[in-house]
>>> print(open('data-v8.json').read())   # JSON, C-alpha atoms
[["chain", "number", "residue", "atom", "x", "y", "z"],
["K", 1, "MET", "CA", -3.28, 28.59, 27.59],
["K", 2, "GLU", "CA", 0.17, 27.21, 26.90],
["K", 3, "LEU", "CA", 0.83, 24.61, 24.25],
["K", 4, "PHE", "CA", 1.28, 21.76, 26.74],
["K", 5, "GLU", "CA", -1.97, 22.72, 28.43],
["K", 6, "HIS", "CA", -3.70, 22.51, 25.07],
["K", 7, "LEU", "CA", -2.12, 19.14, 24.38],
["K", 8, "GLY", "CA", -3.40, 18.00, 27.75],
["K", 9, "LEU", "CA", -6.92, 18.41, 26.38],
["K", 10, "LEU", "CA", -6.28, 15.36, 24.19],
["K", 11, "THR", "CA", -7.26, 12.13, 25.90],
["K", 12, "LEU", "CA", -5.27, 8.94, 26.11],
["K", 13, "TRP", "CA", -7.60, 7.58, 23.46],
["K", 14, "ASP", "CA", -6.57, 10.43, 21.17],
["K", 15, "TRP", "CA", -2.88, 9.72, 21.62],
["K", 16, "GLY", "CA", -3.45, 6.00, 21.27],
["K", 17, "ALA", "CA", -5.43, 6.48, 18.06],
["K", 18, "ALA", "CA", -2.72, 8.75, 16.63],
["K", 19, "ALA", "CA", -0.06, 6.17, 17.50],
["K", 20, "PHE", "CA", -2.22, 3.41, 16.01],
["K", 21, "ILE", "CA", -2.50, 5.04, 12.60],
["K", 22, "VAL", "CA", 1.23, 5.80, 12.43],
["K", 23, "VAL", "CA", 2.27, 2.31, 13.54],
["K", 24, "GLY", "CA", -0.31, 0.71, 11.25],
["K", 25, "TRP", "CA", 1.00, 2.71, 8.30],
["K", 26, "LEU", "CA", 4.59, 1.68, 9.02],
["K", 27, "VAL", "CA", 3.76, -1.99, 9.62],
["K", 28, "ILE", "CA", 1.62, -2.46, 6.51],
["K", 29, "GLY", "CA", 4.29, -0.73, 4.45],
["K", 30, "SER", "CA", 6.94, -3.11, 5.78],
["K", 31, "LEU", "CA", 4.78, -6.14, 5.00],
["K", 32, "ILE", "CA", 4.08, -4.94, 1.46],
["K", 33, "ASP", "CA", 7.68, -4.08, 0.58],
["K", 34, "ARG", "CA", 9.20, -7.23, 2.13],
["K", 35, "PRO", "CA", 10.49, -9.35, -0.78],
["K", 36, "GLY", "CA", 11.06, -12.54, 1.21],
["K", 37, "GLY", "CA", 7.55, -13.00, 2.55],
["K", 38, "LYS", "CA", 5.63, -16.26, 2.11],
["K", 39, "ARG", "CA", 2.73, -14.31, 0.62],
["K", 40, "PRO", "CA", 4.19, -11.77, -1.83],
["K", 41, "SER", "CA", 2.36, -8.51, -2.38],
["K", 42, "VAL", "CA", 1.37, -7.07, -5.74],
["K", 43, "THR", "CA", 4.28, -4.65, -5.37],
["K", 44, "VAL", "CA", 6.77, -7.52, -5.03],
["K", 45, "LEU", "CA", 5.17, -9.47, -7.89],
["K", 46, "MET", "CA", 5.34, -6.44, -10.15],
["K", 47, "SER", "CA", 9.03, -6.02, -9.33],
["K", 48, "ALA", "CA", 9.68, -9.37, -11.01],
["K", 49, "HIS", "CA", 7.75, -8.25, -14.08],
["K", 50, "ARG", "CA", 9.73, -5.00, -14.20],
["K", 51, "ARG", "CA", 12.94, -7.08, -14.37],
["K", 52, "GLU", "CA", 11.47, -9.17, -17.16],
["K", 53, "TRP", "CA", 10.52, -5.96, -18.97],
["K", 54, "MET", "CA", 14.12, -4.80, -19.02],
["K", 55, "LYS", "CA", 15.32, -8.18, -20.30],
["K", 56, "VAL", "CA", 12.91, -7.97, -23.23],
["K", 57, "PHE", "CA", 13.88, -4.35, -23.71],
["K", 58, "VAL", "CA", 17.40, -5.38, -24.78],
["K", 59, "THR", "CA", 16.15, -6.98, -28.00],
["K", 60, "ARG", "CA", 13.14, -4.79, -28.73],
["K", 61, "ASN", "CA", 13.50, -2.57, -31.77],
["K", 62, "PRO", "CA", 12.21, 0.08, -32.05],
["K", 63, "ARG", "CA", 11.84, 1.06, -28.41],
["K", 64, "ILE", "CA", 9.02, 3.55, -28.78],
["K", 65, "TYR", "CA", 6.67, 1.31, -26.79],
["K", 66, "ASP", "CA", 9.03, 1.34, -23.78],
["K", 67, "SER", "CA", 9.47, 5.08, -23.88],
["K", 68, "GLN", "CA", 5.70, 5.56, -23.93],
["K", 69, "ILE", "CA", 5.26, 3.33, -20.89],
["K", 70, "LEU", "CA", 7.94, 5.19, -18.96],
["K", 71, "ALA", "CA", 6.48, 8.55, -19.94],
["K", 72, "SER", "CA", 3.08, 7.39, -18.68],
["K", 73, "LEU", "CA", 4.58, 6.31, -15.35],
["K", 74, "ARG", "CA", 6.31, 9.66, -14.90],
["K", 75, "GLN", "CA", 3.11, 11.49, -15.80],
["K", 76, "SER", "CA", 1.29, 9.59, -13.04],
["K", 77, "THR", "CA", 3.85, 10.59, -10.44],
["K", 78, "SER", "CA", 3.62, 14.23, -11.55],
["K", 79, "PHE", "CA", -0.18, 14.15, -11.34],
["K", 80, "PHE", "CA", -0.23, 12.77, -7.81],
["K", 81, "ALA", "CA", 2.53, 15.11, -6.65],
["K", 82, "SER", "CA", 0.49, 18.06, -7.90],
["K", 83, "THR", "CA", -2.61, 16.65, -6.22],
["K", 84, "CYS", "CA", -0.73, 16.38, -2.91],
["K", 85, "LEU", "CA", 0.42, 19.99, -3.18],
["K", 86, "LEU", "CA", -3.16, 21.16, -3.71],
["K", 87, "ALA", "CA", -4.35, 19.05, -0.78],
["K", 88, "ILE", "CA", -1.58, 20.35, 1.49],
["K", 89, "GLY", "CA", -2.45, 23.91, 0.53],
["K", 90, "GLY", "CA", -6.12, 23.29, 1.32],
["K", 91, "VAL", "CA", -5.39, 21.75, 4.72],
["K", 92, "LEU", "CA", -2.95, 24.53, 5.63],
["K", 93, "ALA", "CA", -5.58, 27.10, 4.70],
["K", 94, "LEU", "CA", -8.01, 25.28, 6.99],
["K", 95, "ILE", "CA", -5.44, 25.27, 9.79],
["K", 96, "GLY", "CA", -5.20, 29.04, 9.42],
["K", 97, "ASN", "CA", -8.98, 29.39, 9.75],
["K", 98, "THR", "CA", -10.55, 26.60, 11.77],
["K", 99, "ASP", "CA", -13.78, 28.43, 12.64],
["K", 100, "PRO", "CA", -15.88, 26.79, 9.86],
["K", 101, "LEU", "CA", -14.46, 23.38, 10.74],
["K", 102, "ARG", "CA", -15.07, 23.86, 14.46],
["K", 103, "GLY", "CA", -18.69, 24.78, 13.79],
["K", 104, "VAL", "CA", -19.28, 21.61, 11.78],
["K", 105, "ALA", "CA", -17.41, 19.45, 14.29],
["K", 106, "LEU", "CA", -19.47, 20.78, 17.21],
["K", 107, "GLU", "CA", -22.63, 19.63, 15.48],
["K", 108, "VAL", "CA", -21.19, 16.12, 15.25],
["K", 109, "THR", "CA", -19.11, 15.72, 18.42],
["K", 110, "ASP", "CA", -20.52, 18.36, 20.77],
["K", 111, "ALA", "CA", -17.03, 18.73, 22.25],
["K", 112, "PRO", "CA", -15.73, 22.31, 22.40],
["K", 113, "LEU", "CA", -11.98, 22.33, 21.93],
["K", 114, "PRO", "CA", -9.51, 25.18, 21.43],
["K", 115, "VAL", "CA", -8.25, 26.00, 17.96],
["K", 116, "VAL", "CA", -4.81, 24.54, 18.59],
["K", 117, "VAL", "CA", -6.29, 21.06, 19.08],
["K", 118, "TRP", "CA", -8.00, 21.19, 15.67],
["K", 119, "GLN", "CA", -4.75, 22.44, 14.18],
["K", 120, "LEU", "CA", -2.88, 19.55, 15.74],
["K", 121, "LYS", "CA", -5.33, 17.04, 14.30],
["K", 122, "LEU", "CA", -5.06, 18.61, 10.87],
["K", 123, "GLY", "CA", -1.28, 18.59, 11.25],
["K", 124, "LEU", "CA", -1.35, 14.78, 11.20],
["K", 125, "VAL", "CA", -3.09, 14.95, 7.83],
["K", 126, "VAL", "CA", -0.45, 17.36, 6.54],
["K", 127, "LEU", "CA", 2.34, 15.02, 7.66],
["K", 128, "PHE", "CA", 0.89, 12.13, 5.65],
["K", 129, "LEU", "CA", 0.31, 14.35, 2.62],
["K", 130, "ALA", "CA", 3.84, 15.78, 2.85],
["K", 131, "ASN", "CA", 5.26, 12.26, 2.98],
["K", 132, "ALA", "CA", 3.20, 11.31, -0.06],
["K", 133, "PHE", "CA", 4.38, 14.39, -1.95],
["K", 134, "LEU", "CA", 8.04, 13.63, -1.23],
["K", 135, "LYS", "CA", 7.60, 10.00, -2.31],
["K", 136, "PHE", "CA", 5.95, 11.02, -5.60],
["K", 137, "VAL", "CA", 8.64, 13.59, -6.35],
["K", 138, "TRP", "CA", 11.41, 11.08, -5.64],
["K", 139, "SER", "CA", 9.62, 8.44, -7.72],
["K", 140, "ASN", "CA", 9.46, 10.87, -10.63],
["K", 141, "ARG", "CA", 13.15, 11.60, -10.22],
["K", 142, "VAL", "CA", 14.13, 7.91, -10.14],
["K", 143, "PHE", "CA", 12.00, 7.18, -13.20],
["K", 144, "GLY", "CA", 14.09, 9.88, -14.87],
["K", 145, "TYR", "CA", 17.27, 8.07, -13.83],
["K", 146, "CYS", "CA", 15.78, 4.88, -15.22],
["K", 147, "ALA", "CA", 15.06, 6.58, -18.56],
["K", 148, "VAL", "CA", 18.67, 7.70, -18.87],
["K", 149, "VAL", "CA", 20.05, 4.24, -18.08],
["K", 150, "MET", "CA", 17.57, 2.61, -20.46],
["K", 151, "SER", "CA", 18.76, 4.87, -23.26],
["K", 152, "ALA", "CA", 22.30, 3.61, -22.62],
["K", 153, "VAL", "CA", 21.34, -0.07, -22.94],
["K", 154, "PRO", "CA", 22.79, -1.49, -26.17],
["K", 155, "ASN", "CA", 20.29, -2.94, -28.62],
["K", 156, "ASP", "CA", 22.54, -5.94, -29.14],
["K", 157, "PRO", "CA", 22.07, -8.93, -26.80],
["K", 158, "ASP", "CA", 25.63, -10.04, -27.58],
["K", 159, "ASP", "CA", 27.06, -6.82, -26.16],
["K", 160, "PRO", "CA", 28.59, -7.73, -22.76],
["K", 161, "ILE", "CA", 27.14, -4.65, -21.05],
["K", 162, "ALA", "CA", 23.61, -4.98, -22.45],
["K", 163, "TYR", "CA", 22.02, -7.19, -19.81],
["K", 164, "PRO", "CA", 23.95, -5.81, -16.80],
["K", 165, "ARG", "CA", 22.89, -2.29, -17.74],
["K", 166, "ALA", "CA", 19.32, -3.45, -18.36],
["K", 167, "ALA", "CA", 19.41, -4.96, -14.86],
["K", 168, "GLN", "CA", 20.45, -1.56, -13.48],
["K", 169, "ALA", "CA", 17.53, 0.06, -15.27],
["K", 170, "ALA", "CA", 15.20, -2.58, -13.83],
["K", 171, "GLU", "CA", 16.32, -1.91, -10.26],
["K", 172, "LEU", "CA", 15.86, 1.83, -10.76],
["K", 173, "ASN", "CA", 12.41, 1.17, -12.19],
["K", 174, "ILE", "CA", 11.56, -0.97, -9.18],
["K", 175, "ARG", "CA", 12.72, 1.68, -6.70],
["K", 176, "ALA", "CA", 10.65, 4.30, -8.49],
["K", 177, "GLY", "CA", 7.61, 2.02, -8.41],
["K", 178, "VAL", "CA", 8.09, 1.26, -4.71],
["K", 179, "ASN", "CA", 8.21, 4.95, -3.86],
["K", 180, "PHE", "CA", 5.14, 5.60, -5.98],
["K", 181, "ASN", "CA", 3.23, 2.93, -4.07],
["K", 182, "ARG", "CA", 4.41, 4.39, -0.76],
["K", 183, "GLY", "CA", 3.07, 7.75, -1.84],
["K", 184, "LEU", "CA", -0.31, 6.22, -2.61],
["K", 185, "ARG", "CA", -0.42, 4.52, 0.79],
["K", 186, "ALA", "CA", 0.36, 7.80, 2.52],
["K", 187, "MET", "CA", -2.59, 9.38, 0.71],
["K", 188, "TYR", "CA", -4.89, 6.59, 1.94],
["K", 189, "PHE", "CA", -3.80, 7.22, 5.51],
["K", 190, "ALA", "CA", -4.08, 10.99, 5.08],
["K", 191, "LEU", "CA", -7.76, 10.45, 4.28],
["K", 192, "ALA", "CA", -8.09, 8.20, 7.32],
["K", 193, "ALA", "CA", -6.39, 10.82, 9.51],
["K", 194, "LEU", "CA", -9.20, 13.26, 8.72],
["K", 195, "ALA", "CA", -11.47, 11.10, 10.86],
["K", 196, "TRP", "CA", -9.60, 12.32, 13.95],
["K", 197, "LEU", "CA", -11.63, 15.52, 13.66],
["K", 198, "LEU", "CA", -14.62, 13.42, 14.72],
["K", 199, "GLY", "CA", -12.81, 11.85, 17.66],
["K", 200, "ALA", "CA", -10.38, 9.12, 18.63],
["K", 201, "PHE", "CA", -12.74, 6.21, 17.94],
["K", 202, "ALA", "CA", -13.50, 7.57, 14.49],
["K", 203, "LEU", "CA", -9.76, 7.69, 13.80],
["K", 204, "ILE", "CA", -9.31, 4.11, 14.99],
["K", 205, "GLY", "CA", -12.17, 2.95, 12.79],
["K", 206, "ALA", "CA", -10.87, 4.86, 9.76],
["K", 207, "THR", "CA", -7.39, 3.41, 10.31],
["K", 208, "ILE", "CA", -8.77, -0.13, 10.37],
["K", 209, "ILE", "CA", -10.66, 0.56, 7.13],
["K", 210, "ALA", "CA", -7.54, 2.02, 5.49],
["K", 211, "LEU", "CA", -5.46, -0.96, 6.59],
["K", 212, "GLY", "CA", -8.09, -3.33, 5.23],
["K", 213, "ILE", "CA", -8.23, -1.58, 1.87],
["K", 214, "VAL", "CA", -4.45, -1.46, 1.48],
["K", 215, "TRP", "CA", -4.03, -5.08, 2.59],
["K", 216, "SER", "CA", -6.74, -6.39, 0.28],
["K", 217, "ARG", "CA", -5.36, -4.59, -2.75],
["K", 218, "GLU", "CA", -1.86, -5.92, -2.14],
["K", 219, "PHE", "CA", -2.60, -9.43, -0.85],
["K", 220, "ALA", "CA", -6.16, -10.40, -1.83],
["K", 221, "SER", "CA", -7.00, -8.62, -5.06],
["K", 222, "VAL", "CA", -7.94, -9.92, -8.50],
["K", 223, "PRO", "CA", -4.81, -8.35, -10.09],
["K", 224, "ARG", "CA", -2.68, -10.33, -7.62],
["K", 225, "SER", "CA", -4.45, -13.55, -8.62],
["K", 226, "ILE", "CA", -3.86, -12.73, -12.26],
["K", 227, "LEU", "CA", -0.15, -12.13, -11.63],
["K", 228, "LEU", "CA", 0.03, -15.50, -9.89],
["K", 229, "ASN", "CA", -1.89, -17.16, -12.73],
["K", 230, "GLU", "CA", -4.56, -18.22, -10.26],
["K", 231, "THR", "CA", -7.35, -16.99, -12.53],
["K", 232, "THR", "CA", -7.88, -16.88, -16.26]]
>>> encode(input="data-v8.json", output="structure tokens")
Amino acid sequence: MELFEHLGLLTLWDWGAAAFIVVGWLVIGSLIDRPGGKRPSVTVLMSAHRREWMKVFVTRNPRIYDSQILASLRQSTSFFASTCLLAIGGVLALIGNTDPLRGVALEVTDAPLPVVVWQLKLGLVVLFLANAFLKFVWSNRVFGYCAVVMSAVPNDPDDPIAYPRAAQAAELNIRAGVNFNRGLRAMYFALAALAWLLGAFALIGATIIALGIVWSREFASVPRSILLNETT
């Protein structure tokens, strides 16, 4: 069978579910990263604290504490980037040999489908994981830029370039943090995309769960309340 004939085996529900998870991922990301919203996300709130960090950084001496924090942030991005690579390798290996997966899926769905359909469904998972990997790598890179700029910030608040340069470091830190969070969201949706192997309705349900988890952690979590001083 030709590729388009194989794709024709996917129902409208399949295509709708695939579109739903992609659109949901893009929409929730836009809502989280939007700085001018009436209900700021944890990501936006933390951006303000990152700016305050760089203001305090100007007068802090010694700056070992700051370097340790930045090193910890870079280590986190490296860990998740490595995790994404391992996950991508595992999924690609499964794409190359879908027989075990097809056997398990038949027990659950009882819907015989050609190998290319399973490969297509796994391809959606790979796309999310690849996006996450690229975001983590770029985040690590930008944290490196931030470290260089931070090292060039004078330790004298009276120096005319101290606070402007600290502001540059803050914006770099924010961009790195934003990309790190985008990488994490892509991993959430990669896990949700695995549900497509069980069918379109499973994918829709998993997408709704992923959207709920991401939304609650950014807009209705205890850390958000703490940042807003709503709890003690």
>>> residues_around(input="data-v8.json", residues="Thr83 (chain K)", least_positions_apart="2", cutoff="12 Å", atoms="all atoms listed in the file", output="ChimeraX atom specification")
/K:76-81,85-90,129-130,132-133,136-137,183-184,187
>>> residues_around(input="data-v8.json", residues="region 116-127 of chain K", least_positions_apart="5", cutoff="6 Å", atoms="all atoms listed in the file", output="PyMOL selection string")
chain K and resi 88+95+190+193
>>> closest_residue(input="data-v8.json", among="K:Trp13, K:Trp196, K:Trp53, K:Tyr188", to="Leu211 (chain K)", atoms="only C-alpha atoms")
K:Tyr188
>>> closest_residue(input="data-v8.json", among="K:Asn181, K:Gln168, K:Asn61, K:Gln75", to="Arg141 (chain K)", atoms="only C-alpha atoms")
K:Gln75
>>> residues_around(input="data-v8.json", residues="region 17-33 of chain K", least_positions_apart="6", cutoff="6 Å", atoms="only C-alpha atoms", output="mmCIF file with C-alpha atoms, in the frame of the given file")
data_model
loop_
_atom_site.group_PDB
_atom_site.id
_atom_site.type_symbol
_atom_site.label_atom_id
_atom_site.label_comp_id
_atom_site.auth_asym_id
_atom_site.auth_seq_id
_atom_site.Cartn_x
_atom_site.Cartn_y
_atom_site.Cartn_z
ATOM 1 C CA SER K 41 2.360 -8.510 -2.380
ATOM 2 C CA ALA K 200 -10.380 9.120 18.630
ATOM 3 C CA ILE K 204 -9.310 4.110 14.990
ATOM 4 C CA THR K 207 -7.390 3.410 10.310
#
>>> residues_around(input="data-v8.json", residues="Phe143 (chain K)", least_positions_apart="4", cutoff="7 Å", atoms="only C-alpha atoms", output="PDB file with C-alpha atoms, in the coordinates of the input")
ATOM      1  CA  ARG K  74       6.310   9.660 -14.900  1.00  0.00           C
ATOM      2  CA  SER K 139       9.620   8.440  -7.720  1.00  0.00           C
ATOM      3  CA  ALA K 147      15.060   6.580 -18.560  1.00  0.00           C
ATOM      4  CA  ASN K 173      12.410   1.170 -12.190  1.00  0.00           C
ATOM      5  CA  ALA K 176      10.650   4.300  -8.490  1.00  0.00           C
TER       6      ALA K 176
END
>>> residues_around(input="data-v8.json", residues="Ile209 (chain K)", least_positions_apart="5", cutoff="10 Å", atoms="all atoms listed in the file", output="mmCIF file with C-alpha atoms, in the coordinates of the input")
data_model
loop_
_atom_site.group_PDB
_atom_site.id
_atom_site.type_symbol
_atom_site.label_atom_id
_atom_site.label_comp_id
_atom_site.auth_asym_id
_atom_site.auth_seq_id
_atom_site.Cartn_x
_atom_site.Cartn_y
_atom_site.Cartn_z
ATOM 1 C CA TYR K 188 -4.890 6.590 1.940
ATOM 2 C CA PHE K 189 -3.800 7.220 5.510
ATOM 3 C CA ALA K 192 -8.090 8.200 7.320
ATOM 4 C CA LEU K 203 -9.760 7.690 13.800
ATOM 5 C CA ILE K 204 -9.310 4.110 14.990
ATOM 6 C CA VAL K 214 -4.450 -1.460 1.480
ATOM 7 C CA TRP K 215 -4.030 -5.080 2.590
#
>>> build_atoms(input="data-v8.json", residues="region 44-57 of chain K", atoms="N, CA, C and O atoms", output="short mmCIF file (atom, residue, chain, number, x, y, z; two decimals), keeping the file's coordinate frame")
data_model
loop_
_atom_site.label_atom_id
_atom_site.label_comp_id
_atom_site.auth_asym_id
_atom_site.auth_seq_id
_atom_site.Cartn_x
_atom_site.Cartn_y
_atom_site.Cartn_z
N VAL K 44 5.65 -6.59 -4.85
CA VAL K 44 6.77 -7.52 -5.03
C VAL K 44 6.62 -8.29 -6.34
O VAL K 44 7.59 -8.49 -7.08
N LEU K 45 5.40 -8.73 -6.64
CA LEU K 45 5.17 -9.47 -7.89
C LEU K 45 5.47 -8.60 -9.10
O LEU K 45 6.05 -9.07 -10.10
N MET K 46 5.08 -7.34 -9.03
CA MET K 46 5.34 -6.44 -10.15
C MET K 46 6.82 -6.14 -10.31
O MET K 46 7.28 -5.85 -11.42
N SER K 47 7.58 -6.22 -9.23
CA SER K 47 9.03 -6.02 -9.33
C SER K 47 9.65 -7.07 -10.24
O SER K 47 10.54 -6.77 -11.05
N ALA K 48 9.18 -8.30 -10.13
CA ALA K 48 9.68 -9.37 -11.01
C ALA K 48 9.34 -9.08 -12.46
O ALA K 48 10.15 -9.31 -13.36
N HIS K 49 8.15 -8.56 -12.70
CA HIS K 49 7.75 -8.25 -14.08
C HIS K 49 8.54 -7.05 -14.62
O HIS K 49 8.79 -6.97 -15.84
N ARG K 50 8.90 -6.13 -13.76
CA ARG K 50 9.73 -5.00 -14.20
C ARG K 50 11.11 -5.49 -14.64
O ARG K 50 11.68 -4.98 -15.60
N ARG K 51 11.64 -6.50 -13.96
CA ARG K 51 12.94 -7.08 -14.37
C ARG K 51 12.80 -7.78 -15.71
O ARG K 51 13.69 -7.68 -16.57
N GLU K 52 11.70 -8.51 -15.89
CA GLU K 52 11.47 -9.17 -17.16
C GLU K 52 11.32 -8.15 -18.29
O GLU K 52 11.77 -8.38 -19.41
N TRP K 53 10.68 -7.04 -17.99
CA TRP K 53 10.52 -5.96 -18.97
C TRP K 53 11.88 -5.51 -19.49
O TRP K 53 12.09 -5.36 -20.69
N MET K 54 12.81 -5.30 -18.60
CA MET K 54 14.12 -4.80 -19.02
C MET K 54 14.91 -5.86 -19.79
O MET K 54 15.73 -5.53 -20.66
N LYS K 55 14.66 -7.14 -19.51
CA LYS K 55 15.32 -8.18 -20.30
C LYS K 55 14.81 -8.17 -21.74
O LYS K 55 15.59 -8.29 -22.69
N VAL K 56 13.50 -8.03 -21.89
CA VAL K 56 12.91 -7.97 -23.23
C VAL K 56 13.33 -6.69 -23.94
O VAL K 56 13.50 -6.66 -25.17
N PHE K 57 13.52 -5.65 -23.15
CA PHE K 57 13.88 -4.35 -23.71
C PHE K 57 15.18 -4.40 -24.51
O PHE K 57 15.35 -3.67 -25.49
#
